[in-house]
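What follows is the content of protein_34.cif (mmCIF, C-alpha atoms).
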data_structure
#
loop_
_atom_site.label_atom_id
_atom_site.label_comp_id
_atom_site.auth_asym_id
_atom_site.auth_seq_id
_atom_site.Cartn_x
_atom_site.Cartn_y
_atom_site.Cartn_z
CA MET A 3 1.24 34.57 -11.33
CA SER A 4 0.91 31.57 -13.54
CA LEU A 5 1.08 28.06 -12.23
CA ILE A 6 2.68 25.75 -14.71
CA TYR A 7 1.07 22.77 -13.00
CA PRO A 8 -2.48 23.91 -12.28
CA THR A 9 -3.47 23.32 -8.67
CA LYS A 10 -6.90 22.35 -10.02
CA SER A 11 -5.33 18.94 -10.56
CA LEU A 12 -5.27 18.55 -6.79
CA GLU A 13 -9.03 18.91 -6.37
CA ASN A 14 -9.49 15.16 -6.23
CA PHE A 15 -6.87 14.71 -3.55
CA PRO A 16 -8.13 14.15 0.01
CA LYS A 17 -8.53 17.18 2.24
CA HIS A 18 -5.76 17.48 4.80
CA LEU A 19 -8.38 17.57 7.56
CA THR A 20 -10.58 14.50 7.16
CA PRO A 21 -12.18 14.03 10.61
CA GLY A 22 -13.24 10.42 9.95
CA TYR A 23 -9.53 9.61 9.87
CA LYS A 24 -8.74 10.68 13.41
CA SER A 25 -4.99 11.13 13.06
CA THR A 26 -5.63 14.06 10.69
CA LEU A 27 -7.12 16.13 13.53
CA LYS A 28 -3.77 17.06 15.07
CA ARG A 29 -1.63 16.70 11.96
CA SER A 30 -3.34 18.86 9.35
CA PRO A 31 -2.66 22.56 8.77
CA THR A 32 -5.35 24.85 10.19
CA LYS A 33 -4.38 27.93 8.17
CA PRO A 34 -5.02 28.09 4.41
CA LEU A 35 -2.11 26.86 2.32
CA MET A 36 -0.34 29.69 0.51
CA ILE A 37 -0.25 29.59 -3.26
CA ILE A 38 3.18 30.49 -4.63
CA PRO A 39 4.52 30.69 -8.17
CA HIS A 40 6.09 27.58 -9.58
CA THR A 41 9.78 28.30 -9.76
CA LEU A 42 12.68 26.12 -10.78
CA SER A 43 12.58 24.73 -7.22
CA GLU A 44 9.11 23.30 -7.73
CA LEU A 45 9.47 22.32 -11.39
CA THR A 46 12.60 20.24 -11.02
CA GLY A 47 12.85 16.94 -9.21
CA PRO A 48 15.24 14.11 -8.43
CA VAL A 49 16.05 11.52 -11.03
CA TYR A 50 17.04 7.98 -10.19
CA GLY A 51 18.59 5.88 -12.91
CA HIS A 52 18.72 2.15 -13.17
CA ASN A 53 21.78 2.07 -10.93
CA ALA A 54 19.54 3.05 -8.00
CA VAL A 55 17.95 -0.39 -7.93
CA GLN A 56 19.17 -3.94 -8.35
CA GLU A 57 17.75 -6.71 -10.42
CA GLY A 58 15.38 -8.56 -8.13
CA ASP A 59 14.30 -5.56 -6.08
CA ASN A 60 10.92 -5.82 -7.80
CA ASP A 61 10.36 -9.47 -6.84
CA LEU A 62 9.26 -9.56 -3.22
CA THR A 63 8.93 -13.35 -3.32
CA LYS A 64 12.65 -13.93 -3.85
CA GLN A 65 14.29 -11.83 -1.17
CA HIS A 66 14.65 -14.63 1.37
CA ARG A 67 15.68 -18.26 1.63
CA GLY A 68 12.23 -19.57 0.83
CA GLU A 69 9.08 -18.30 -0.79
CA PRO A 70 6.58 -16.33 1.26
CA LEU A 71 3.19 -17.80 2.07
CA GLY A 72 0.17 -16.30 0.39
CA GLU A 73 -1.37 -15.72 -2.96
CA ARG A 74 1.38 -14.87 -5.49
CA ILE A 75 0.41 -11.91 -7.68
CA ILE A 76 1.84 -9.72 -10.41
CA VAL A 77 1.25 -5.99 -9.97
CA HIS A 78 2.11 -3.94 -13.01
CA GLY A 79 1.14 -0.83 -14.91
CA GLN A 80 2.30 2.43 -16.37
CA VAL A 81 3.33 5.66 -14.69
CA LEU A 82 1.83 8.49 -16.74
CA ASP A 83 1.51 12.24 -16.53
CA GLU A 84 -1.75 14.14 -16.85
CA ASP A 85 -1.43 14.16 -20.63
CA ARG A 86 -1.14 10.36 -20.35
CA ARG A 87 2.43 10.45 -21.56
CA PRO A 88 4.64 7.76 -20.04
CA VAL A 89 6.94 8.86 -17.24
CA LYS A 90 10.13 6.98 -17.97
CA SER A 91 12.98 6.24 -15.54
CA ALA A 92 10.72 6.95 -12.56
CA LEU A 93 11.58 5.42 -9.21
CA VAL A 94 8.63 3.38 -7.93
CA GLU A 95 8.81 2.04 -4.37
CA LEU A 96 6.25 -0.12 -2.62
CA TRP A 97 5.70 -1.67 0.78
CA GLN A 98 2.94 -3.81 2.20
CA ALA A 99 1.69 -6.19 4.86
CA ASN A 100 2.19 -9.94 4.48
CA ALA A 101 -0.57 -12.36 3.54
CA CYS A 102 -1.80 -12.37 7.14
CA GLY A 103 -2.07 -8.60 7.32
CA ARG A 104 1.09 -8.07 9.39
CA TYR A 105 3.85 -5.56 8.66
CA VAL A 106 7.50 -6.16 9.48
CA HIS A 107 7.55 -3.20 11.85
CA ASN A 108 7.68 -3.25 15.65
CA VAL A 109 4.88 -0.70 15.90
CA ASP A 110 2.57 -3.22 14.24
CA GLN A 111 1.14 -5.26 17.11
CA HIS A 112 -1.56 -7.06 15.13
CA PRO A 113 -1.49 -10.64 16.54
CA ALA A 114 -0.96 -12.28 13.16
CA PRO A 115 2.20 -14.18 12.25
CA LEU A 116 5.23 -12.64 10.60
CA ASP A 117 6.53 -14.54 7.59
CA PRO A 118 10.29 -15.17 7.79
CA ASN A 119 10.34 -15.21 4.00
CA PHE A 120 8.64 -11.88 3.45
CA THR A 121 9.81 -8.36 4.22
CA GLY A 122 7.28 -6.61 2.01
CA ALA A 123 9.36 -3.88 0.37
CA GLY A 124 10.32 -3.52 -3.27
CA ARG A 125 11.22 -0.96 -5.87
CA THR A 126 11.88 -0.58 -9.55
CA ILE A 127 12.53 1.99 -12.27
CA THR A 128 10.00 2.49 -15.07
CA ASP A 129 11.13 1.67 -18.59
CA ASP A 130 10.91 3.98 -21.60
CA ASN A 131 7.15 3.39 -21.78
CA GLY A 132 6.68 4.25 -18.11
CA TYR A 133 6.05 0.57 -17.43
CA TYR A 134 6.77 -1.11 -14.10
CA LYS A 135 6.21 -4.61 -12.75
CA PHE A 136 6.35 -6.22 -9.32
CA ILE A 137 5.91 -9.79 -8.18
CA THR A 138 4.60 -10.09 -4.66
CA ILE A 139 1.90 -11.75 -2.59
CA LYS A 140 -1.55 -10.37 -1.91
CA PRO A 141 -1.51 -8.49 1.40
CA GLY A 142 -4.09 -9.33 4.03
CA ALA A 143 -6.54 -6.96 5.67
CA TYR A 144 -5.64 -5.82 9.17
CA PRO A 145 -7.25 -4.05 12.12
CA TRP A 146 -6.30 -0.55 13.22
CA GLY A 147 -7.26 1.73 16.06
CA ASN A 148 -9.14 4.51 14.28
CA HIS A 149 -12.56 3.45 15.56
CA PRO A 150 -14.10 0.30 17.07
CA ASN A 151 -13.69 -2.73 14.80
CA ALA A 152 -11.78 -0.73 12.16
CA TRP A 153 -10.09 -2.76 9.42
CA ARG A 154 -8.03 -1.56 6.47
CA PRO A 155 -8.96 -2.99 3.06
CA ASN A 156 -6.18 -4.97 1.38
CA HIS A 157 -3.74 -2.45 -0.05
CA ILE A 158 -0.19 -1.90 -1.26
CA HIS A 159 1.58 1.39 -0.51
CA PHE A 160 3.20 3.12 -3.48
CA SER A 161 5.74 5.95 -3.62
CA VAL A 162 6.45 7.48 -7.04
CA PHE A 163 8.66 10.25 -8.41
CA GLY A 164 7.54 12.20 -11.47
CA HIS A 165 8.82 15.03 -13.62
CA SER A 166 9.14 17.43 -10.70
CA PHE A 167 9.11 17.58 -6.93
CA VAL A 168 5.46 18.71 -6.99
CA SER A 169 4.55 15.55 -8.95
CA ARG A 170 5.72 13.45 -6.03
CA LEU A 171 3.02 10.97 -5.08
CA VAL A 172 2.51 8.60 -2.19
CA THR A 173 -0.65 6.57 -2.53
CA GLN A 174 -2.20 3.16 -1.88
CA MET A 175 -3.33 0.58 -4.40
CA TYR A 176 -6.50 -1.30 -3.54
CA PHE A 177 -7.96 -4.54 -4.91
CA PRO A 178 -11.23 -4.73 -6.85
CA GLY A 179 -14.42 -5.65 -4.99
CA ASP A 180 -13.10 -5.23 -1.45
CA TYR A 181 -15.95 -5.52 1.05
CA LEU A 182 -14.17 -3.16 3.46
CA PHE A 183 -14.32 -0.15 1.12
CA PRO A 184 -17.51 1.37 2.61
CA PHE A 185 -15.99 1.38 6.10
CA ASP A 186 -12.50 2.75 5.45
CA PRO A 187 -12.02 6.48 6.12
CA ILE A 188 -8.65 6.55 4.34
CA PHE A 189 -10.04 5.12 1.08
CA ASN A 190 -13.10 7.37 1.39
CA SER A 191 -11.00 10.46 2.10
CA VAL A 192 -11.09 10.80 -1.70
CA THR A 193 -14.67 11.98 -1.95
CA ASP A 194 -15.11 11.83 -5.72
CA GLU A 195 -16.13 8.29 -6.67
CA LYS A 196 -14.35 8.26 -10.02
CA ALA A 197 -11.15 9.54 -8.46
CA ARG A 198 -11.46 7.00 -5.65
CA ASN A 199 -11.84 4.19 -8.15
CA ARG A 200 -8.56 5.20 -9.79
CA MET A 201 -6.83 3.82 -6.69
CA ILE A 202 -8.27 0.35 -7.37
CA ALA A 203 -6.21 -1.97 -9.52
CA ALA A 204 -7.95 -3.87 -12.32
CA PHE A 205 -7.90 -7.65 -12.35
CA ASP A 206 -5.90 -8.45 -15.48
CA LEU A 207 -6.59 -11.91 -16.85
CA ASP A 208 -4.52 -11.25 -19.98
CA ASN A 209 -1.35 -10.88 -17.95
CA THR A 210 -2.09 -13.66 -15.52
CA VAL A 211 0.53 -16.37 -15.85
CA PRO A 212 -1.25 -19.73 -16.10
CA ASP A 213 -0.48 -22.15 -13.28
CA TRP A 214 1.58 -19.47 -11.53
CA ALA A 215 0.14 -16.06 -10.58
CA LEU A 216 -2.84 -13.73 -11.01
CA ALA A 217 -2.15 -10.25 -12.37
CA PHE A 218 -3.44 -6.82 -11.38
CA LYS A 219 -2.95 -3.69 -13.46
CA PHE A 220 -2.46 -0.37 -11.72
CA ASP A 221 -1.72 2.73 -13.79
CA ILE A 222 -0.50 5.71 -11.83
CA VAL A 223 -1.19 9.20 -13.17
CA LEU A 224 1.07 11.90 -11.75
CA ARG A 225 0.61 15.61 -11.72
CA GLY A 226 2.26 17.55 -14.51
CA ARG A 227 2.92 17.41 -18.16
CA GLU A 228 5.96 16.17 -19.99
CA ALA A 229 5.69 18.92 -22.57
CA THR A 230 5.71 21.64 -19.92
CA PRO A 231 7.90 24.35 -21.45
CA LEU A 232 10.68 25.33 -19.13
CA ASP A 233 12.68 28.47 -19.55
CA ASN A 234 14.89 29.23 -16.62
CA ASP A 235 14.66 32.96 -17.16
CA ASP A 236 10.92 33.23 -17.46
CA HIS A 237 9.06 31.76 -14.51
CA HIS A 238 6.29 34.28 -14.09
CA MET B 29 -10.21 16.83 -16.87
CA SER B 30 -7.36 15.40 -14.95
CA GLU B 31 -7.28 11.66 -14.38
CA ILE B 32 -4.74 12.05 -11.62
CA THR B 33 -4.21 9.25 -9.10
CA PRO B 34 -5.18 10.61 -5.67
CA SER B 35 -2.78 10.76 -2.76
CA GLN B 36 -3.09 8.55 0.34
CA THR B 37 -1.26 8.62 3.63
CA VAL B 38 2.20 7.11 3.93
CA GLY B 39 0.91 5.45 7.12
CA PRO B 40 2.96 4.38 10.15
CA PHE B 41 4.88 1.47 8.58
CA PHE B 42 6.88 3.04 5.74
CA ALA B 43 10.31 2.92 7.38
CA TYR B 44 11.42 -0.53 6.25
CA GLY B 45 10.28 0.19 2.71
CA LEU B 46 11.46 3.74 2.17
CA THR B 47 14.36 4.37 4.54
CA PRO B 48 17.68 2.54 4.81
CA VAL B 49 17.56 2.34 8.60
CA GLY B 50 14.20 0.64 8.53
CA ARG B 51 15.29 -1.90 5.96
CA CYS B 52 18.41 -3.04 7.82
CA GLN B 53 16.51 -3.23 11.05
CA TRP B 54 13.56 -5.26 9.85
CA ASP B 55 14.79 -7.68 7.22
CA PRO B 56 14.55 -10.72 9.49
CA ASN B 57 16.99 -13.01 7.73
CA GLY B 58 19.16 -10.34 6.19
CA THR B 59 19.80 -12.52 3.17
CA TYR B 60 18.93 -9.92 0.58
CA ALA B 61 21.47 -7.17 -0.07
CA TRP B 62 19.45 -3.99 -0.27
CA LYS B 63 21.29 -1.04 -1.72
CA ASN B 64 20.53 2.25 -0.05
CA SER B 65 19.69 4.69 -2.81
CA VAL B 66 17.74 7.31 -0.92
CA GLU B 67 19.42 8.61 2.20
CA SER B 68 19.63 11.51 4.62
CA ASN B 69 23.27 12.17 3.77
CA LEU B 70 23.37 14.10 0.48
CA VAL B 71 27.10 14.84 0.58
CA THR B 72 29.08 13.18 -2.21
CA PRO B 73 32.89 13.08 -2.38
CA ASP B 74 32.93 15.33 -5.44
CA VAL B 75 30.50 17.99 -4.25
CA SER B 76 31.69 21.57 -3.84
CA GLY B 77 30.21 24.01 -1.35
CA SER B 78 29.87 24.47 2.39
CA ARG B 79 28.82 21.45 4.36
CA ILE B 80 25.89 21.89 6.71
CA ARG B 81 23.68 19.74 8.90
CA ILE B 82 19.95 20.26 9.29
CA GLU B 83 18.13 18.97 12.36
CA GLY B 84 14.57 19.39 13.50
CA SER B 85 11.26 17.99 14.57
CA VAL B 86 7.70 18.13 13.31
CA PHE B 87 5.21 18.97 16.06
CA ASP B 88 1.55 17.98 16.02
CA GLY B 89 -1.36 20.08 17.27
CA ASP B 90 -0.60 19.10 20.88
CA GLY B 91 2.99 20.27 20.50
CA LYS B 92 4.30 16.70 20.58
CA PRO B 93 7.07 15.71 18.17
CA ILE B 94 5.82 13.26 15.54
CA ASN B 95 7.93 10.10 15.71
CA ASP B 96 6.57 8.41 12.56
CA CYS B 97 7.18 11.20 10.11
CA MET B 98 9.09 11.16 6.81
CA ILE B 99 10.81 14.31 5.61
CA GLU B 100 12.13 14.80 2.10
CA ILE B 101 14.28 17.68 0.94
CA TRP B 102 15.03 18.95 -2.56
CA GLN B 103 17.72 21.53 -3.16
CA ALA B 104 20.10 23.10 -5.63
CA ASP B 105 23.86 22.70 -5.45
CA ALA B 106 26.16 25.44 -4.16
CA GLN B 107 25.98 27.13 -7.57
CA GLY B 108 22.18 27.15 -7.51
CA ARG B 109 21.72 24.38 -10.08
CA TYR B 110 19.29 21.49 -9.75
CA ALA B 111 20.36 17.96 -10.71
CA SER B 112 17.27 17.58 -12.86
CA PRO B 113 16.65 17.40 -16.60
CA ALA B 114 14.21 20.27 -16.14
CA ASP B 115 17.14 22.53 -15.19
CA ASN B 116 18.79 23.08 -18.55
CA ARG B 117 21.80 25.10 -17.35
CA ALA B 118 25.35 23.86 -16.92
CA LEU B 119 25.74 20.41 -15.44
CA PRO B 120 25.63 20.44 -11.65
CA ASN B 121 28.15 18.80 -9.38
CA SER B 122 28.40 15.35 -10.86
CA GLY B 123 27.46 13.14 -7.95
CA PHE B 124 25.25 15.52 -5.99
CA LYS B 125 21.57 14.66 -6.33
CA GLY B 126 20.11 17.33 -4.09
CA PHE B 127 17.47 14.94 -2.77
CA GLY B 128 17.33 13.45 0.70
CA ARG B 129 14.94 11.53 2.89
CA SER B 130 14.90 11.14 6.66
CA ALA B 131 12.48 9.42 9.00
CA THR B 132 12.03 10.91 12.44
CA ASP B 133 13.48 8.75 15.21
CA LYS B 134 11.81 7.65 18.45
CA THR B 135 12.22 11.12 19.88
CA GLY B 136 10.81 12.72 16.75
CA VAL B 137 14.07 14.12 15.36
CA PHE B 138 15.10 14.17 11.70
CA ALA B 139 18.52 15.15 10.33
CA PHE B 140 20.21 15.75 7.00
CA ASP B 141 23.85 16.22 6.07
CA THR B 142 24.18 18.31 2.96
CA ILE B 143 25.72 21.43 1.48
CA LYS B 144 24.32 24.92 1.54
CA PRO B 145 22.47 25.61 -1.72
CA GLY B 146 23.19 28.65 -3.83
CA ALA B 147 20.70 31.25 -5.03
CA VAL B 148 18.26 29.90 -7.63
CA PRO B 149 16.59 31.78 -10.51
CA GLY B 150 13.09 32.94 -9.65
CA PRO B 151 10.11 34.62 -11.28
CA GLY B 152 11.01 37.23 -13.86
CA GLY B 153 14.66 36.24 -13.77
CA LYS B 154 15.13 37.63 -10.26
CA PRO B 155 17.12 35.38 -7.96
CA GLN B 156 15.58 33.49 -5.07
CA ALA B 157 17.47 33.41 -1.80
CA PRO B 158 19.15 30.08 -1.01
CA HIS B 159 16.46 27.69 0.19
CA ILE B 160 15.53 24.03 0.43
CA VAL B 161 12.12 22.64 -0.51
CA VAL B 162 10.74 20.42 2.27
CA ALA B 163 7.98 17.83 1.89
CA ILE B 164 6.50 16.13 4.96
CA PHE B 165 4.67 12.81 4.94
CA SER B 166 3.11 11.07 7.94
CA ARG B 167 0.35 8.96 9.33
CA GLY B 168 -2.54 11.40 9.63
CA MET B 169 -1.44 13.27 6.52
CA LEU B 170 -3.44 12.14 3.51
CA ARG B 171 -1.10 14.09 1.25
CA GLN B 172 2.28 15.61 1.82
CA VAL B 173 2.66 19.19 2.96
CA TYR B 174 5.24 21.44 1.34
CA THR B 175 7.23 24.18 3.00
CA ARG B 176 10.62 25.83 2.48
CA LEU B 177 13.69 26.18 4.63
CA TYR B 178 15.56 29.50 4.37
CA PHE B 179 18.81 30.45 6.06
CA PRO B 180 19.00 33.09 8.80
CA ASP B 181 22.24 34.68 7.65
CA GLU B 182 21.18 35.60 4.12
CA ALA B 183 20.74 39.22 3.07
CA ALA B 184 19.01 37.88 -0.06
CA ASN B 185 16.01 36.82 2.07
CA ALA B 186 14.79 40.42 2.06
CA ALA B 187 14.17 40.33 -1.71
CA ASP B 188 13.08 36.70 -2.01
CA PRO B 189 9.90 36.55 -4.13
CA VAL B 190 8.34 33.68 -2.15
CA LEU B 191 9.22 34.95 1.33
CA ASN B 192 7.76 38.29 0.35
CA LEU B 193 4.39 36.67 -0.36
CA VAL B 194 4.30 35.42 3.23
CA PRO B 195 2.88 37.81 5.86
CA ALA B 196 5.80 39.26 7.82
CA GLU B 197 4.59 37.83 11.13
CA ARG B 198 4.66 34.25 9.77
CA ARG B 199 7.87 34.51 7.75
CA GLY B 200 9.99 33.38 10.68
CA THR B 201 8.47 29.88 10.51
CA LEU B 202 10.42 29.33 7.27
CA ILE B 203 13.81 30.45 8.55
CA ALA B 204 16.10 27.90 10.18
CA LYS B 205 18.09 28.81 13.30
CA LYS B 206 21.84 28.52 13.21
CA ALA B 207 23.11 26.51 16.15
CA GLY B 208 26.85 26.70 15.41
CA GLY B 209 29.14 23.71 15.24
CA GLU B 210 31.40 22.54 12.46
CA PRO B 211 29.97 21.87 9.99
CA PRO B 212 27.27 24.29 11.13
CA VAL B 213 23.96 22.86 12.30
CA TYR B 214 20.73 24.57 11.36
CA HIS B 215 17.62 23.79 13.39
CA PHE B 216 14.35 23.69 11.47
CA ASN B 217 11.23 22.83 13.44
CA VAL B 218 7.86 22.48 11.78
CA ASN B 219 4.58 23.13 13.62
CA MET B 220 1.57 21.53 11.97
CA GLN B 221 -0.82 23.69 14.00
CA GLY B 222 -0.92 26.28 16.77
CA ASP B 223 0.06 29.92 17.19
CA ASN B 224 3.34 29.39 15.40
CA GLU B 225 1.95 27.15 12.64
CA THR B 226 4.48 26.76 9.85
CA VAL B 227 3.59 28.29 6.50
CA PHE B 228 2.67 25.50 4.07
CA PHE B 229 2.42 25.99 0.34
CA GLU B 230 -0.15 24.81 -2.17
CA VAL B 231 2.13 23.97 -5.04
#

Same coordinates, now as structure tokens:
Amino acid sequence: MSLIYPTKSLENFPKHLTPGYKSTLKRSPTKPLMIIPHTLSELTGPVYGHNAVQEGDNDLTKQHRGEPLGERIIVHGQVLDEDRRPVKSALVELWQANACGRYVHNVDQHPAPLDPNFTGAGRTITDDNGYYKFITIKPGAYPWGNHPNAWRPNHIHFSVFGHSFVSRLVTQMYFPGDYLFPFDPIFNSVTDEKARNRMIAAFDLDNTVPDWALAFKFDIVLRGREATPLDNDDHH
Amino acid sequence: MSEITPSQTVGPFFAYGLTPVGRCQWDPNGTYAWKNSVESNLVTPDVSGSRIRIEGSVFDGDGKPINDCMIEIWQADAQGRYASPADNRALPNSGFKGFGRSATDKTGVFAFDTIKPGAVPGPGGKPQAPHIVVAIFSRGMLRQVYTRLYFPDEAANAADPVLNLVPAERRGTLIAKKAGGEPPVYHFNVNMQGDNETVFFEV
């Protein structure tokens, strides 16, 4: 059996069972995952064209009557495959807490104010170079119930579609130099330091817009290869 | 060496960002018209094939339904073709995407309205029985888990190359139960752990 996308690529992903993150205890498989051949079902994936999003969906500061409070930032980068080829026309979705660390969600009971001018959700489609760009505000840190005095580092959730359904990635983008990194079991669920650091955006002075917004660059590398040969009659 | 970006959990607060229901419910001023592109209803006016509904729950290790879970499905059309550039056969049904997303509700139930997929080419040119690829994301899952939904009334299951890799005593976890109705409802429950733990795939 040959796997067209080697599962070795997944070695730097977190383990399903990561006891420091308590919710994994009852929600992770206990039996070994079964390896199966990559068939057309795994090697294909949904495609969303530009008609899936509207102009403005990628500017989270302009979705309400006024501007949200907080530090305005630009978050941009390229979606690439493992050969570092751009993934074009990829749907990129993000969601995040507001500047005070509060999500617009009734399950979030953190006693920090909601911002009537910030929902915290956006999306875009990558261009022919795999490039995407969002304008948003820097999310705040917030407490959570994993362990006493647990706080999540500032982060933005990302959801990305790649060449195939097995390239599908949900991840979190962190900010450089966060003092909460050593204490966060979700960030540290990626045990390899280099791999962990790939979830941290780079401060990007070159793309900062003077007198307006700081920029952060976050490249996202998805599983798979653009040049993967596909022959519908020969998946073995 | 792969420079892949690692996975992280979808967390408990994805609904307003990733699902239409969440967005409508939480946008406090409602001034921004958000177009729903990713939905749990896959049926398009031009699609051919038999309509079906899929309902189920994802149960945690205590047997409790997970009420903050996101389920995504990926499937071929009724002729077994994927709406993907990587499927280089004849064009599939024009509007049918074959992709759906559903968040579990307060009681932990997810649902999709779709059409029954056709048989899909498999390894060595042998057909695979009709099936739907299922990916599950949730708080407490640092990466998605993949499984497959097969149909109970398919003779082709007996020769399916993936089902045949699964030990016979666990194969049943991948086969939905037909509950009748019109269009027919198939129940597909997923157990993360326990005696009847669903078979998950490393793909």

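Nearest-residue note for chain B: choosing from A:Asp206, A:Glu44, A:Asp180, A:Asp130, the minimum distance belongs to A:Glu44, counting only C-alpha atoms.
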
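What separates atom CA of Thr128 of chain A from atom CA of Leu216 of chain A is a distance of 21.1 Å.
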
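If you look at atom CA of Pro189 of chain B and atom CA of Gly208 of chain B, they are 27.7 Å away from each other.
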
Shell of 12 Å around Asp105 of chain B, all atoms listed in the file, local chain residues under 3 positions omitted, as an mmCIF file with C-alpha atoms, keeping the file's coordinate frame:
data_model
loop_
_atom_site.group_PDB
_atom_site.id
_atom_site.type_symbol
_atom_site.label_atom_id
_atom_site.label_comp_id
_atom_site.auth_asym_id
_atom_site.auth_seq_id
_atom_site.Cartn_x
_atom_site.Cartn_y
_atom_site.Cartn_z
ATOM 1 C CA SER A 43 12.580 24.730 -7.220
ATOM 2 C CA LEU B 70 23.370 14.100 0.480
ATOM 3 C CA VAL B 71 27.100 14.840 0.580
ATOM 4 C CA THR B 72 29.080 13.180 -2.210
ATOM 5 C CA ASP B 74 32.930 15.330 -5.440
ATOM 6 C CA VAL B 75 30.500 17.990 -4.250
ATOM 7 C CA SER B 76 31.690 21.570 -3.840
ATOM 8 C CA GLY B 77 30.210 24.010 -1.350
ATOM 9 C CA SER B 78 29.870 24.470 2.390
ATOM 10 C CA ARG B 79 28.820 21.450 4.360
ATOM 11 C CA TRP B 102 15.030 18.950 -2.560
ATOM 12 C CA GLY B 108 22.180 27.150 -7.510
ATOM 13 C CA ARG B 109 21.720 24.380 -10.080
ATOM 14 C CA TYR B 110 19.290 21.490 -9.750
ATOM 15 C CA ALA B 111 20.360 17.960 -10.710
ATOM 16 C CA SER B 112 17.270 17.580 -12.860
ATOM 17 C CA ASP B 115 17.140 22.530 -15.190
ATOM 18 C CA ALA B 118 25.350 23.860 -16.920
ATOM 19 C CA LEU B 119 25.740 20.410 -15.440
ATOM 20 C CA PRO B 120 25.630 20.440 -11.650
ATOM 21 C CA ASN B 121 28.150 18.800 -9.380
ATOM 22 C CA SER B 122 28.400 15.350 -10.860
ATOM 23 C CA GLY B 123 27.460 13.140 -7.950
ATOM 24 C CA PHE B 124 25.250 15.520 -5.990
ATOM 25 C CA LYS B 125 21.570 14.660 -6.330
ATOM 26 C CA GLY B 126 20.110 17.330 -4.090
ATOM 27 C CA PHE B 127 17.470 14.940 -2.770
ATOM 28 C CA THR B 142 24.180 18.310 2.960
ATOM 29 C CA ILE B 143 25.720 21.430 1.480
ATOM 30 C CA LYS B 144 24.320 24.920 1.540
ATOM 31 C CA PRO B 145 22.470 25.610 -1.720
ATOM 32 C CA GLY B 146 23.190 28.650 -3.830
ATOM 33 C CA ALA B 147 20.700 31.250 -5.030
ATOM 34 C CA VAL B 148 18.260 29.900 -7.630
ATOM 35 C CA PRO B 158 19.150 30.080 -1.010
ATOM 36 C CA HIS B 159 16.460 27.690 0.190
ATOM 37 C CA ILE B 160 15.530 24.030 0.430
#

*Find the residues around Phe216 of chain B up to 12 Å (all atoms listed in the file counted), leave out those fewer than 3 positions away in its own chain, and share them as a PyMOL selection string.*
chain B and resi 81-87+99+137-140+160+162+175-180+200-207+213+219+226

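One finds atom CA of Ala114 of chain A at 29.1 Å from atom CA of Asn64 of chain B.
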
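Among the candidates A:Gly103, A:Pro187, A:Gly122, A:Gly142, the one nearest to chain B when counting all atoms listed in the file is A:Gly122.
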
_Non-local contacts of Ala197 of chain A (10 Å; all atoms listed in the file; under 2 positions in same chain excluded) as a ChimeraX atom specification_ = /A:13-15,192-195,199-202 /B:30-34

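Comparing A:Asp129, A:Asp186, A:Asp213, A:Asp221 by their smallest distance to chain B, the closest is A:Asp221 (using all atoms listed in the file).
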
Kindly reconstruct segment 199-208 of chain A with N, CA and C atoms and present the result as a compact mmCIF listing (two decimals), keeping the file's coordinate frame.
# COMPACT_ATOMS: atom_id res chain seq x y z
N ASN A 199 -12.00 5.44 -7.42
CA ASN A 199 -11.84 4.19 -8.15
C ASN A 199 -10.52 4.10 -8.90
N ARG A 200 -9.87 5.25 -9.12
CA ARG A 200 -8.56 5.20 -9.79
C ARG A 200 -7.47 4.64 -8.87
N MET A 201 -7.79 4.45 -7.61
CA MET A 201 -6.83 3.82 -6.69
C MET A 201 -7.02 2.30 -6.63
N ILE A 202 -7.99 1.79 -7.37
CA ILE A 202 -8.27 0.35 -7.37
C ILE A 202 -7.66 -0.28 -8.60
N ALA A 203 -6.81 -1.26 -8.39
CA ALA A 203 -6.21 -1.97 -9.52
C ALA A 203 -7.28 -2.76 -10.26
N ALA A 204 -7.02 -3.05 -11.53
CA ALA A 204 -7.95 -3.87 -12.32
C ALA A 204 -7.42 -5.30 -12.36
N PHE A 205 -8.31 -6.27 -12.14
CA PHE A 205 -7.90 -7.65 -12.35
C PHE A 205 -7.57 -7.81 -13.83
N ASP A 206 -6.45 -8.45 -14.13
CA ASP A 206 -5.90 -8.45 -15.48
C ASP A 206 -5.65 -9.90 -15.93
N LEU A 207 -6.70 -10.49 -16.46
CA LEU A 207 -6.59 -11.91 -16.85
C LEU A 207 -5.55 -12.10 -17.96
N ASP A 208 -5.44 -11.11 -18.85
CA ASP A 208 -4.52 -11.25 -19.98
C ASP A 208 -3.08 -11.42 -19.52
